[in-house]
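Next comes data.txt, a file with compact mmCIF, C-alpha atoms.
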# COMPACT_ATOMS: atom_id res chain seq x y z
CA MET P 1179 159.73 11.17 -190.92
CA SER P 1180 162.01 11.42 -187.90
CA LYS P 1181 160.63 12.03 -184.45
CA PRO P 1182 161.18 15.49 -182.99
CA SER P 1183 163.98 15.76 -180.47
CA ASP P 1184 163.28 16.37 -176.80
CA LEU P 1185 164.53 19.91 -177.17
CA GLU P 1186 162.24 20.54 -180.10
CA LEU P 1187 159.29 19.24 -178.08
CA VAL P 1188 160.17 21.51 -175.17
CA ARG P 1189 160.41 24.49 -177.51
CA ARG P 1190 156.95 23.71 -178.80
CA ALA P 1191 155.66 23.23 -175.27
CA GLY P 1192 157.01 26.72 -174.61
CA ASN P 1193 154.53 27.91 -177.21
CA ALA P 1194 151.67 26.28 -175.33
CA ASP P 1195 151.62 23.03 -177.35
CA ALA P 1196 150.28 20.76 -174.63
CA GLY P 1197 150.62 17.62 -176.74
CA CYS P 1198 154.39 17.92 -176.66
CA VAL P 1199 154.37 17.40 -172.90
CA GLU P 1200 152.63 14.11 -173.50
CA ALA P 1201 155.35 13.02 -175.93
CA ILE P 1202 158.13 13.97 -173.50
CA TYR P 1203 156.30 12.18 -170.71
CA ASP P 1204 156.05 8.99 -172.73
CA ARG P 1205 159.81 9.05 -173.34
CA HIS P 1206 161.03 9.76 -169.83
CA ALA P 1207 158.31 9.03 -167.27
CA ALA P 1208 159.58 5.53 -166.53
CA SER P 1209 163.09 6.74 -165.69
CA CYS P 1210 161.71 9.54 -163.56
CA PHE P 1211 159.36 7.20 -161.74
CA SER P 1212 162.13 4.66 -161.21
CA LEU P 1213 164.35 7.26 -159.56
CA ALA P 1214 161.48 8.57 -157.43
CA ARG P 1215 160.51 5.10 -156.30
CA ARG P 1216 164.13 4.28 -155.53
CA MET P 1217 164.27 7.32 -153.24
CA LEU P 1218 160.75 7.37 -151.79
CA GLY P 1219 159.68 3.75 -151.97
CA GLU P 1220 156.31 2.40 -153.06
CA GLY P 1221 153.29 4.64 -152.65
CA PRO P 1222 151.70 7.82 -153.96
CA SER P 1223 154.67 10.09 -153.18
CA ALA P 1224 156.71 8.86 -156.11
CA GLU P 1225 153.74 9.32 -158.44
CA ARG P 1226 153.13 12.84 -157.17
CA VAL P 1227 156.77 13.78 -157.63
CA VAL P 1228 156.80 12.58 -161.22
CA GLY P 1229 153.68 14.58 -162.05
CA THR P 1230 155.15 17.67 -160.43
CA ALA P 1231 158.45 17.35 -162.30
CA PHE P 1232 156.71 17.24 -165.67
CA LEU P 1233 154.45 20.11 -164.66
CA ARG P 1234 157.56 22.14 -163.81
CA LEU P 1235 159.00 21.39 -167.22
CA TRP P 1236 155.77 22.53 -168.86
CA ARG P 1237 155.59 25.70 -166.82
CA THR P 1238 159.18 26.66 -167.49
CA ALA P 1239 159.43 25.35 -171.05
CA GLN P 1240 159.66 28.80 -172.55
CA SER P 1241 162.82 29.56 -170.62
CA PHE P 1242 164.37 26.08 -170.90
CA ASP P 1243 168.13 26.45 -170.54
CA VAL P 1244 170.01 24.02 -172.78
CA THR P 1245 173.28 24.84 -171.04
CA ARG P 1246 172.02 23.09 -167.90
CA GLY P 1247 171.84 19.71 -169.58
CA SER P 1248 169.50 17.64 -171.69
CA VAL P 1249 165.75 17.53 -171.17
CA ARG P 1250 166.14 14.10 -169.63
CA THR P 1251 168.90 15.21 -167.28
CA GLN P 1252 166.96 18.24 -166.11
CA LEU P 1253 163.80 16.18 -165.60
CA LEU P 1254 165.71 13.68 -163.48
CA GLU P 1255 167.35 16.49 -161.52
CA SER P 1256 163.94 17.94 -160.87
CA VAL P 1257 162.67 14.56 -159.67
CA HIS P 1258 165.68 14.24 -157.41
CA GLU P 1259 165.19 17.69 -155.93
CA LEU P 1260 161.51 17.00 -155.22
CA CYS P 1261 162.34 13.65 -153.65
CA VAL P 1262 164.93 15.25 -151.37
CA ASP P 1263 162.30 17.77 -150.25
CA GLU P 1264 159.86 14.94 -149.56
CA ILE P 1265 162.44 12.91 -147.62
CA ARG P 1266 163.35 15.90 -145.49
CA ASP P 1267 159.69 16.70 -144.86
CA ARG P 1268 159.16 13.13 -143.70
CA ALA P 1269 162.21 13.26 -141.47
CA ASN P 1270 161.22 16.58 -139.93
CA GLY P 1271 157.70 15.29 -139.39
CA GLY P 1272 158.97 12.15 -137.73
CA GLY P 1273 157.71 9.89 -140.48
CA GLY P 1274 159.86 7.39 -142.30
CA ALA P 1275 163.23 5.99 -141.46
CA ARG P 1276 166.40 7.52 -142.84
CA PRO P 1277 168.43 5.32 -145.13
CA SER P 1278 171.44 3.36 -144.08
CA ALA P 1279 174.70 3.45 -145.93
CA SER P 1280 174.27 0.35 -148.03
CA SER P 1281 174.33 0.02 -151.77
CA ASN P 1282 171.97 -1.94 -153.96
CA LEU P 1283 172.62 -0.12 -157.17
CA PRO P 1284 172.84 -2.08 -160.38
CA ILE P 1285 176.00 -0.27 -161.44
CA ASP P 1286 179.62 -1.14 -160.97
CA HIS P 1287 180.68 2.09 -159.40
CA GLY P 1288 184.10 0.85 -158.38
CA LEU P 1289 184.26 3.21 -155.44
CA PRO P 1290 185.62 2.45 -151.95
CA VAL P 1291 182.76 1.86 -149.56
CA GLU P 1292 183.46 4.99 -147.51
CA LEU P 1293 183.04 7.14 -150.63
CA TRP P 1294 180.03 5.25 -151.86
CA SER P 1295 178.31 5.57 -148.48
CA VAL P 1296 178.40 9.33 -148.75
CA LEU P 1297 176.89 9.25 -152.24
CA GLU P 1298 174.20 6.81 -151.15
CA LEU P 1299 173.18 8.85 -148.12
CA ALA P 1300 173.36 12.19 -149.90
CA TYR P 1301 171.89 11.42 -153.29
CA PHE P 1302 169.37 8.68 -152.57
CA GLY P 1303 168.88 9.33 -148.88
CA GLY P 1304 168.35 13.07 -149.18
CA MET P 1305 170.53 13.70 -146.15
CA THR P 1306 172.46 16.90 -145.59
CA GLU P 1307 176.21 16.81 -145.12
CA THR P 1308 175.74 17.55 -141.44
CA GLU P 1309 173.37 14.60 -141.05
CA ILE P 1310 175.74 12.32 -142.93
CA ALA P 1311 178.61 13.44 -140.71
CA ASP P 1312 176.53 12.55 -137.65
CA GLN P 1313 175.57 9.17 -139.05
CA LEU P 1314 179.07 8.23 -140.12
CA ASP P 1315 180.63 9.89 -137.10
CA VAL P 1316 183.11 11.94 -139.11
CA PRO P 1317 183.58 15.72 -139.43
CA VAL P 1318 181.54 17.60 -142.03
CA THR P 1319 184.75 18.53 -143.81
CA VAL P 1320 185.42 14.84 -144.34
CA VAL P 1321 181.94 14.37 -145.80
CA LYS P 1322 182.52 17.25 -148.20
CA GLN P 1323 185.86 15.77 -149.22
CA ARG P 1324 184.43 12.27 -149.71
CA ALA P 1325 181.50 13.62 -151.74
CA ARG P 1326 183.92 15.33 -154.06
CA MET P 1327 186.19 12.32 -154.37
CA ALA P 1328 183.18 10.06 -154.96
CA LEU P 1329 181.85 12.15 -157.82
CA GLU P 1330 185.31 12.43 -159.30
CA GLY P 1331 185.73 8.66 -158.99
CA LEU P 1332 182.28 7.97 -160.37
CA GLY P 1333 183.05 10.07 -163.42
CA GLY P 1334 186.21 8.05 -163.89
CA SER P 1335 184.27 4.80 -163.57
CA ASP P 1336 181.88 5.74 -166.35
CA PRO P 1337 182.48 3.33 -169.21
CA ARG P 1338 181.66 6.15 -171.58
CA ALA P 1339 184.51 8.14 -170.07
CA ARG P 1340 186.93 5.26 -170.50
CA ALA P 1341 186.07 4.68 -174.12
CA MET M 965 198.82 31.17 -160.76
CA ASN M 966 195.50 31.74 -159.03
CA ALA M 967 194.67 29.84 -155.84
CA PRO M 968 191.75 27.41 -156.15
CA CYS M 969 188.40 28.84 -155.11
CA ASN M 970 187.72 27.88 -151.51
CA ARG M 971 183.99 27.54 -152.24
CA GLY M 972 184.69 24.56 -154.47
CA VAL M 973 184.30 22.29 -151.44
CA ASP M 974 180.55 22.81 -151.74
CA ALA M 975 180.30 21.93 -155.43
CA ALA M 976 179.75 18.20 -154.89
CA GLY M 977 177.21 18.80 -152.14
CA TRP M 978 175.35 21.24 -154.34
CA VAL M 979 175.09 18.69 -157.16
CA LEU M 980 174.06 15.94 -154.73
CA GLY M 981 171.52 18.21 -153.01
CA SER M 982 173.16 17.66 -149.64
CA LEU M 983 173.90 21.27 -148.71
CA SER M 984 171.63 22.99 -146.22
CA ALA M 985 169.09 25.41 -147.68
CA ARG M 986 171.25 28.37 -146.69
CA GLU M 987 174.47 26.86 -148.07
CA SER M 988 172.68 25.95 -151.28
CA GLU M 989 171.36 29.47 -151.79
CA GLU M 990 174.76 31.00 -151.09
CA PHE M 991 176.56 28.60 -153.41
CA GLN M 992 174.07 29.24 -156.19
CA GLU M 993 174.76 32.96 -155.94
CA HIS M 994 178.50 32.25 -155.89
CA LEU M 995 178.21 30.20 -159.07
CA ALA M 996 177.10 33.25 -160.98
CA THR M 997 180.51 34.82 -160.46
CA CYS M 998 182.93 31.86 -160.31
CA PRO M 999 183.85 30.05 -163.55
CA GLU M 1000 186.00 27.58 -161.63
CA CYS M 1001 183.07 26.37 -159.55
CA ARG M 1002 180.83 26.30 -162.60
CA ARG M 1003 183.32 23.98 -164.26
CA LEU M 1004 183.37 21.75 -161.18
CA VAL M 1005 179.58 21.62 -161.10
CA THR M 1006 179.44 20.72 -164.79
CA ASN M 1007 181.84 17.82 -164.24
CA PHE M 1008 180.03 16.59 -161.15
CA ARG M 1009 176.66 16.77 -162.84
CA GLU M 1010 177.95 14.43 -165.53
CA SER M 1011 178.94 11.98 -162.79
CA ALA M 1012 175.58 12.35 -161.08
CA GLU M 1013 173.85 11.36 -164.30
CA LEU M 1014 175.10 7.85 -163.63
CA LEU M 1015 173.24 7.89 -160.34
CA GLN M 1016 170.06 9.12 -162.01
CA GLU M 1017 170.03 6.06 -164.22
CA ALA M 1018 170.83 3.64 -161.42
CA ALA M 1019 167.32 2.69 -160.32
CA ALA M 1020 165.49 -0.38 -161.57
CA GLU M 1021 163.08 0.54 -164.35
CA ALA M 1022 159.40 0.86 -163.43
CA SER M 1023 156.47 2.64 -165.07
CA PRO M 1024 154.11 4.99 -163.24
CA PRO M 1025 150.42 4.11 -163.25
CA PRO M 1026 148.38 5.66 -166.08
CA GLU M 1027 146.55 8.02 -163.69
CA VAL M 1028 149.74 10.05 -163.30
CA ARG M 1029 149.76 10.79 -167.01
CA GLU M 1030 146.03 11.55 -167.05
CA ARG M 1031 146.26 14.02 -164.14
CA LEU M 1032 149.30 15.72 -165.62
CA MET M 1033 147.76 16.18 -169.03
CA LYS M 1034 144.49 17.50 -167.64
CA THR M 1035 146.41 20.24 -165.81
CA VAL M 1036 148.61 20.98 -168.81
CA ARG M 1037 145.64 21.30 -171.15
CA ASP M 1038 143.80 23.51 -168.67
CA GLU M 1039 146.81 25.79 -168.40
CA ALA M 1040 147.34 25.88 -172.15
CA THR M 1041 143.83 27.20 -172.73
CA PRO M 1042 144.48 30.87 -171.83
CA PHE M 1043 147.28 31.00 -174.38
CA ARG M 1044 145.65 29.10 -177.19
CA ASP M 1045 145.39 31.11 -180.40
CA SER M 1046 147.26 34.04 -178.86
CA GLY M 1047 150.33 33.28 -180.95
CA GLN M 1048 152.56 34.08 -178.00
CA ARG M 1049 152.54 32.28 -174.72
CA VAL M 1050 154.06 34.98 -172.54
CA ARG M 1051 155.63 38.25 -173.47
CA SER M 1052 157.25 40.79 -171.25
CA ALA M 1053 155.16 43.87 -170.84
CA ARG M 1054 156.60 47.34 -170.78
CA ARG M 1055 156.83 48.68 -167.29
CA ALA M 1056 156.10 52.30 -166.50
CA PRO M 1057 157.17 54.13 -163.38
CA ARG M 1058 154.52 54.61 -160.77
CA PRO M 1059 154.50 55.76 -157.19
CA TRP M 1060 154.78 52.98 -154.73
CA ILE M 1061 151.50 51.81 -153.40
CA ARG M 1062 150.54 51.03 -149.91
CA LEU M 1063 148.17 48.22 -149.12
CA ALA M 1064 146.90 47.49 -145.70
CA LEU M 1065 146.49 43.75 -145.20
CA PRO M 1066 145.33 42.27 -141.95
CA LEU M 1067 147.75 39.81 -140.46
CA ALA M 1068 146.86 37.07 -138.07
CA GLY M 1069 146.59 38.83 -134.77
CA ALA M 1070 145.04 41.90 -136.36
CA ALA M 1071 148.39 43.55 -137.05
CA LEU M 1072 148.57 45.55 -140.24
CA PHE M 1073 151.44 45.97 -142.60
CA CYS M 1074 151.99 48.13 -145.60
CA LEU M 1075 153.76 46.87 -148.68
CA GLY M 1076 155.20 50.24 -149.51
CA ALA M 1077 156.57 50.73 -146.05
CA VAL M 1078 157.66 47.19 -145.23
CA GLY M 1079 158.26 45.31 -148.42
CA GLY M 1080 159.01 48.23 -150.67
CA LEU M 1081 157.15 46.84 -153.63
CA ALA M 1082 157.04 49.02 -156.67
CA VAL M 1083 154.09 48.16 -158.87
CA ALA M 1084 153.80 49.12 -162.48
CA PRO M 1085 150.49 49.50 -164.31
CA SER M 1086 151.66 47.41 -167.19
CA ASN M 1087 148.36 46.46 -168.72
CA GLN M 1088 149.80 46.36 -172.19
CA VAL M 1089 147.55 44.55 -174.62
CA GLU M 1090 149.30 41.63 -176.30
CA SER M 1091 146.36 40.64 -178.45
CA PRO M 1092 142.68 41.52 -178.35
CA ALA M 1093 142.08 38.86 -175.73
CA THR M 1094 145.45 38.55 -173.99
CA ARG M 1095 146.87 41.00 -171.47
CA VAL M 1096 150.10 40.89 -169.51
CA PHE M 1097 150.53 42.73 -166.21
CA SER M 1098 153.96 43.15 -164.66
CA GLY M 1099 154.61 43.43 -160.96
CA SER M 1100 157.57 43.19 -158.66
CA VAL M 1101 159.34 40.69 -156.48
CA ALA M 1102 160.72 42.02 -153.22
CA GLY M 1103 162.47 40.83 -150.11
CA PRO M 1104 164.60 37.67 -149.99
CA ALA M 1105 162.50 36.10 -152.75
CA GLY M 1106 163.77 38.64 -155.23
CA ARG M 1107 167.02 38.08 -157.01
CA PRO M 1108 168.19 41.09 -158.98
CA GLN M 1109 166.63 39.82 -162.17
CA ALA M 1110 163.40 38.58 -160.59
CA ARG M 1111 160.16 39.44 -162.38
CA ALA M 1112 156.51 38.63 -161.87
CA GLU M 1113 153.80 38.76 -164.51
CA VAL M 1114 150.16 37.84 -164.71
CA VAL M 1115 149.00 36.76 -168.14
CA VAL M 1116 145.23 36.91 -168.62
CA LYS M 1117 143.27 35.50 -171.49
CA ASP M 1118 139.51 35.08 -171.58
CA GLY M 1119 139.30 35.82 -167.89
CA GLN M 1120 141.80 33.13 -166.95
CA GLY M 1121 145.14 34.11 -165.51
CA VAL M 1122 148.54 32.56 -165.00
CA LEU M 1123 151.17 33.98 -162.65
CA VAL M 1124 154.58 33.73 -164.30
CA LEU M 1125 157.67 34.14 -162.14
CA HIS M 1126 161.23 34.56 -163.36
CA GLY M 1127 164.39 34.52 -161.22
CA MET M 1128 162.41 33.79 -158.07
CA ALA M 1129 164.25 32.42 -155.04
CA ALA M 1130 162.90 29.33 -153.31
CA PRO M 1131 160.65 29.93 -150.29
CA PRO M 1132 162.28 29.76 -146.87
CA GLU M 1133 162.80 26.32 -145.40
CA ARG M 1134 159.57 24.59 -144.36
CA ARG M 1135 157.49 27.16 -146.27
CA VAL M 1136 155.64 27.28 -149.55
CA TYR M 1137 154.47 30.24 -151.56
CA GLN M 1138 150.75 30.97 -151.53
CA VAL M 1139 148.80 33.14 -153.95
CA TRP M 1140 146.29 35.71 -152.64
CA LEU M 1141 143.76 37.80 -154.54
CA LEU M 1142 142.91 41.29 -153.40
CA GLY M 1143 139.87 43.12 -154.70
CA SER M 1144 138.27 46.20 -153.27
CA GLU M 1145 138.13 44.65 -149.81
CA SER M 1146 140.86 45.37 -147.31
CA GLN M 1147 141.58 41.69 -146.83
CA PRO M 1148 143.03 39.40 -149.49
CA GLU M 1149 141.27 36.18 -150.36
CA PRO M 1150 143.36 33.04 -149.89
CA THR M 1151 143.68 30.64 -152.80
CA SER M 1152 144.64 27.00 -152.94
CA SER M 1153 147.55 27.87 -155.21
CA LEU M 1154 150.54 26.70 -153.18
CA PHE M 1155 153.85 26.32 -154.92
CA SER M 1156 157.58 26.14 -154.59
CA VAL M 1157 160.19 27.27 -157.10
CA PRO M 1158 162.72 25.07 -158.86
CA ARG M 1159 166.40 25.96 -158.89
CA THR M 1160 165.92 27.72 -162.19
CA GLY M 1161 163.75 30.29 -160.42
CA GLU M 1162 161.16 29.98 -163.20
CA THR M 1163 157.62 28.86 -162.57
CA ARG M 1164 154.02 29.34 -163.64
CA VAL M 1165 151.00 29.15 -161.41
CA ASN M 1166 147.42 28.84 -162.57
CA LEU M 1167 145.17 31.47 -161.01
CA PRO M 1168 141.49 31.27 -160.11
CA ALA M 1169 139.02 33.61 -161.80
CA LEU M 1170 140.24 37.20 -161.58
CA ASP M 1171 136.90 38.98 -161.77
CA GLY M 1172 137.08 42.01 -159.51
CA VAL M 1173 140.69 41.31 -158.54
CA LYS M 1174 143.06 44.27 -158.34
CA HIS M 1175 146.19 42.68 -156.95
CA VAL M 1176 147.71 39.20 -157.19
CA LEU M 1177 149.92 38.70 -154.16
CA VAL M 1178 152.30 35.95 -153.03
CA THR M 1179 153.46 35.27 -149.50
CA ALA M 1180 155.55 32.54 -147.89
CA GLU M 1181 153.34 30.37 -145.71
CA PRO M 1182 153.44 27.06 -143.82
CA ALA M 1183 153.27 23.95 -146.01
CA GLN M 1184 149.49 23.60 -145.73
CA GLY M 1185 148.83 27.26 -146.61
CA SER M 1186 147.10 29.90 -144.49
CA GLU M 1187 143.72 31.51 -144.21
CA ARG M 1188 145.34 34.93 -143.75
CA PRO M 1189 148.78 36.13 -144.82
CA SER M 1190 151.31 35.52 -142.09
CA THR M 1191 154.22 37.24 -143.84
CA THR M 1192 154.78 40.31 -145.97
CA PRO M 1193 153.96 39.69 -149.64
CA VAL M 1194 157.00 39.12 -151.79
CA VAL M 1195 155.14 39.47 -155.08
CA ASP M 1196 152.53 42.02 -156.02
CA VAL M 1197 151.04 42.35 -159.49
CA LEU M 1198 148.49 45.07 -160.12
CA VAL M 1199 145.77 43.69 -162.37
CA ARG M 1200 143.37 46.01 -164.14
CA ASN M 1201 140.24 44.21 -165.18
Written as structure tokens, how would this file's structure read?
Amino acid sequence: MSKPSDLELVRRAGNADAGCVEAIYDRHAASCFSLARRMLGEGPSAERVVGTAFLRLWRTAQSFDVTRGSVRTQLLESVHELCVDEIRDRANGGGGARPSASSNLPIDHGLPVELWSVLELAYFGGMTETEIADQLDVPVTVVKQRARMALEGLGGSDPRARA
Amino acid sequence: MNAPCNRGVDAAGWVLGSLSARESEEFQEHLATCPECRRLVTNFRESAELLQEAAAEASPPPEVRERLMKTVRDEATPFRDSGQRVRSARRAPRPWIRLALPLAGAALFCLGAVGGLAVAPSNQVESPATRVFSGSVAGPAGRPQARAEVVVKDGQGVLVLHGMAAPPERRVYQVWLLGSESQPEPTSSLFSVPRTGETRVNLPALDGVKHVLVTAEPAQGSERPSTTPVVDVLVRN
């Protein structure tokens, strides 16, 4: 008997089937935790974010919108959003250093360093475009332009896109 | 040929989460009316998926799973055996109500006068043991389609919010319970709202409670409401 799809599990969770959350967690918790730890570092924050992201999924399962992406994609987006909030809270509270524009990603993104820096600071560093502009000493309009070019370039560097 | 939408410059920042809170809110509203920007966002989200997968794999400790599932099972209890988790209740017109709530500093405010909350007595019975009460979302928290409901089963309630805007920057939403007293009781239910605007919040026991209220408060919550309630659900026990 085949395993239920993620979407099927979410639908059942929307009908208060708590066990389905457990199944979804077992499939995607590691990826969510990996992203959270990449953004927040070691410590309880990454664990808290992962728990919150799955709780969000549970609480909104009944209105899950398939047009916004797969269950996995939406979980990871939720983790990212929570991590950005945490990073900005830390920064506003004076705790924790902001990231520098250096890459240690295990992907061959193939992007020029000035484009990659914007992605790194924005996506993993949780910085706003204004903060990135200050750090890189360029106008905000340039940051917006580089962010767009970086995502366009990253899409083009996806091996799945080339196939 | 149509000129490109000039708001498209924010599409990448929106996907990356690097817009300011105000820019993000404005762009989200713009997306509802601009197919060109929606297409851009769809493309950029596909690119961002590569970033999501770019971290070295690591597993969370088992306590994370245990804590999550305890909460999930607790929240599932009020809906168990009801056959329906949440259903929209029919709303009936009703004169606006006015509630006097003491603010810090002893100032008073009235929901009817300040927030303009219309509250419907929607205590429609969903099943012998499940009731759904509908309320309203007002102020900046309320998008046009925003709705608030309290679902009660066996004395346990869950606040269900649809189309709710995120709290203002540096704030969280806090749930308050108002009975026959003039002052609402604070709860430890602090929450934010994801971009979808959908969320569910477990409520404490609702014995004697007439109104479930939500205000935007500092991150640690407040002992007394410091802002006008943005959600009010009339609960008839």
* At a cut-off of 7 Å, list the chain M residues touching chain P, using only C-alpha atoms, as an MDAnalysis selection string. => chainID M and resid 973:974 976:977 980:984 1008 1011 1013 1016 1018:1024 1028 1032:1033 1036:1037 1040 1043:1044 1048:1049 1162:1164
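Compared by their closest atoms to Gly972 (chain M), and using all atoms listed in the file, the residues M:Gly1099, M:Pro1193, M:Pro999, M:Pro1148 rank with M:Pro999 nearest.
The coordinates place CA of Val1195 (chain M) at 10.2 Å from CA of Leu1123 (chain M).
Rounded to one decimal, CA of Leu1289 (chain P) and CA of Leu1015 (chain M) lie 12.9 Å from each other.
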* Excluding Pro1182 (chain M) and residues on its chain fewer than 4 positions from it, collect all residues at most 8 Å away from it, counting all atoms listed in the file, and give them as a ChimeraX atom specification. => /M:1134-1136,1186
Limited to C-alpha atoms, could you put the picked residues into a file as a JSON list (two decimals), in the frame of the given file?
[["chain", "number", "residue", "atom", "x", "y", "z"],
["M", 1134, "ARG", "CA", 159.57, 24.59, -144.36],
["M", 1135, "ARG", "CA", 157.49, 27.16, -146.27],
["M", 1136, "VAL", "CA", 155.64, 27.28, -149.55],
["M", 1186, "SER", "CA", 147.10, 29.90, -144.49]]
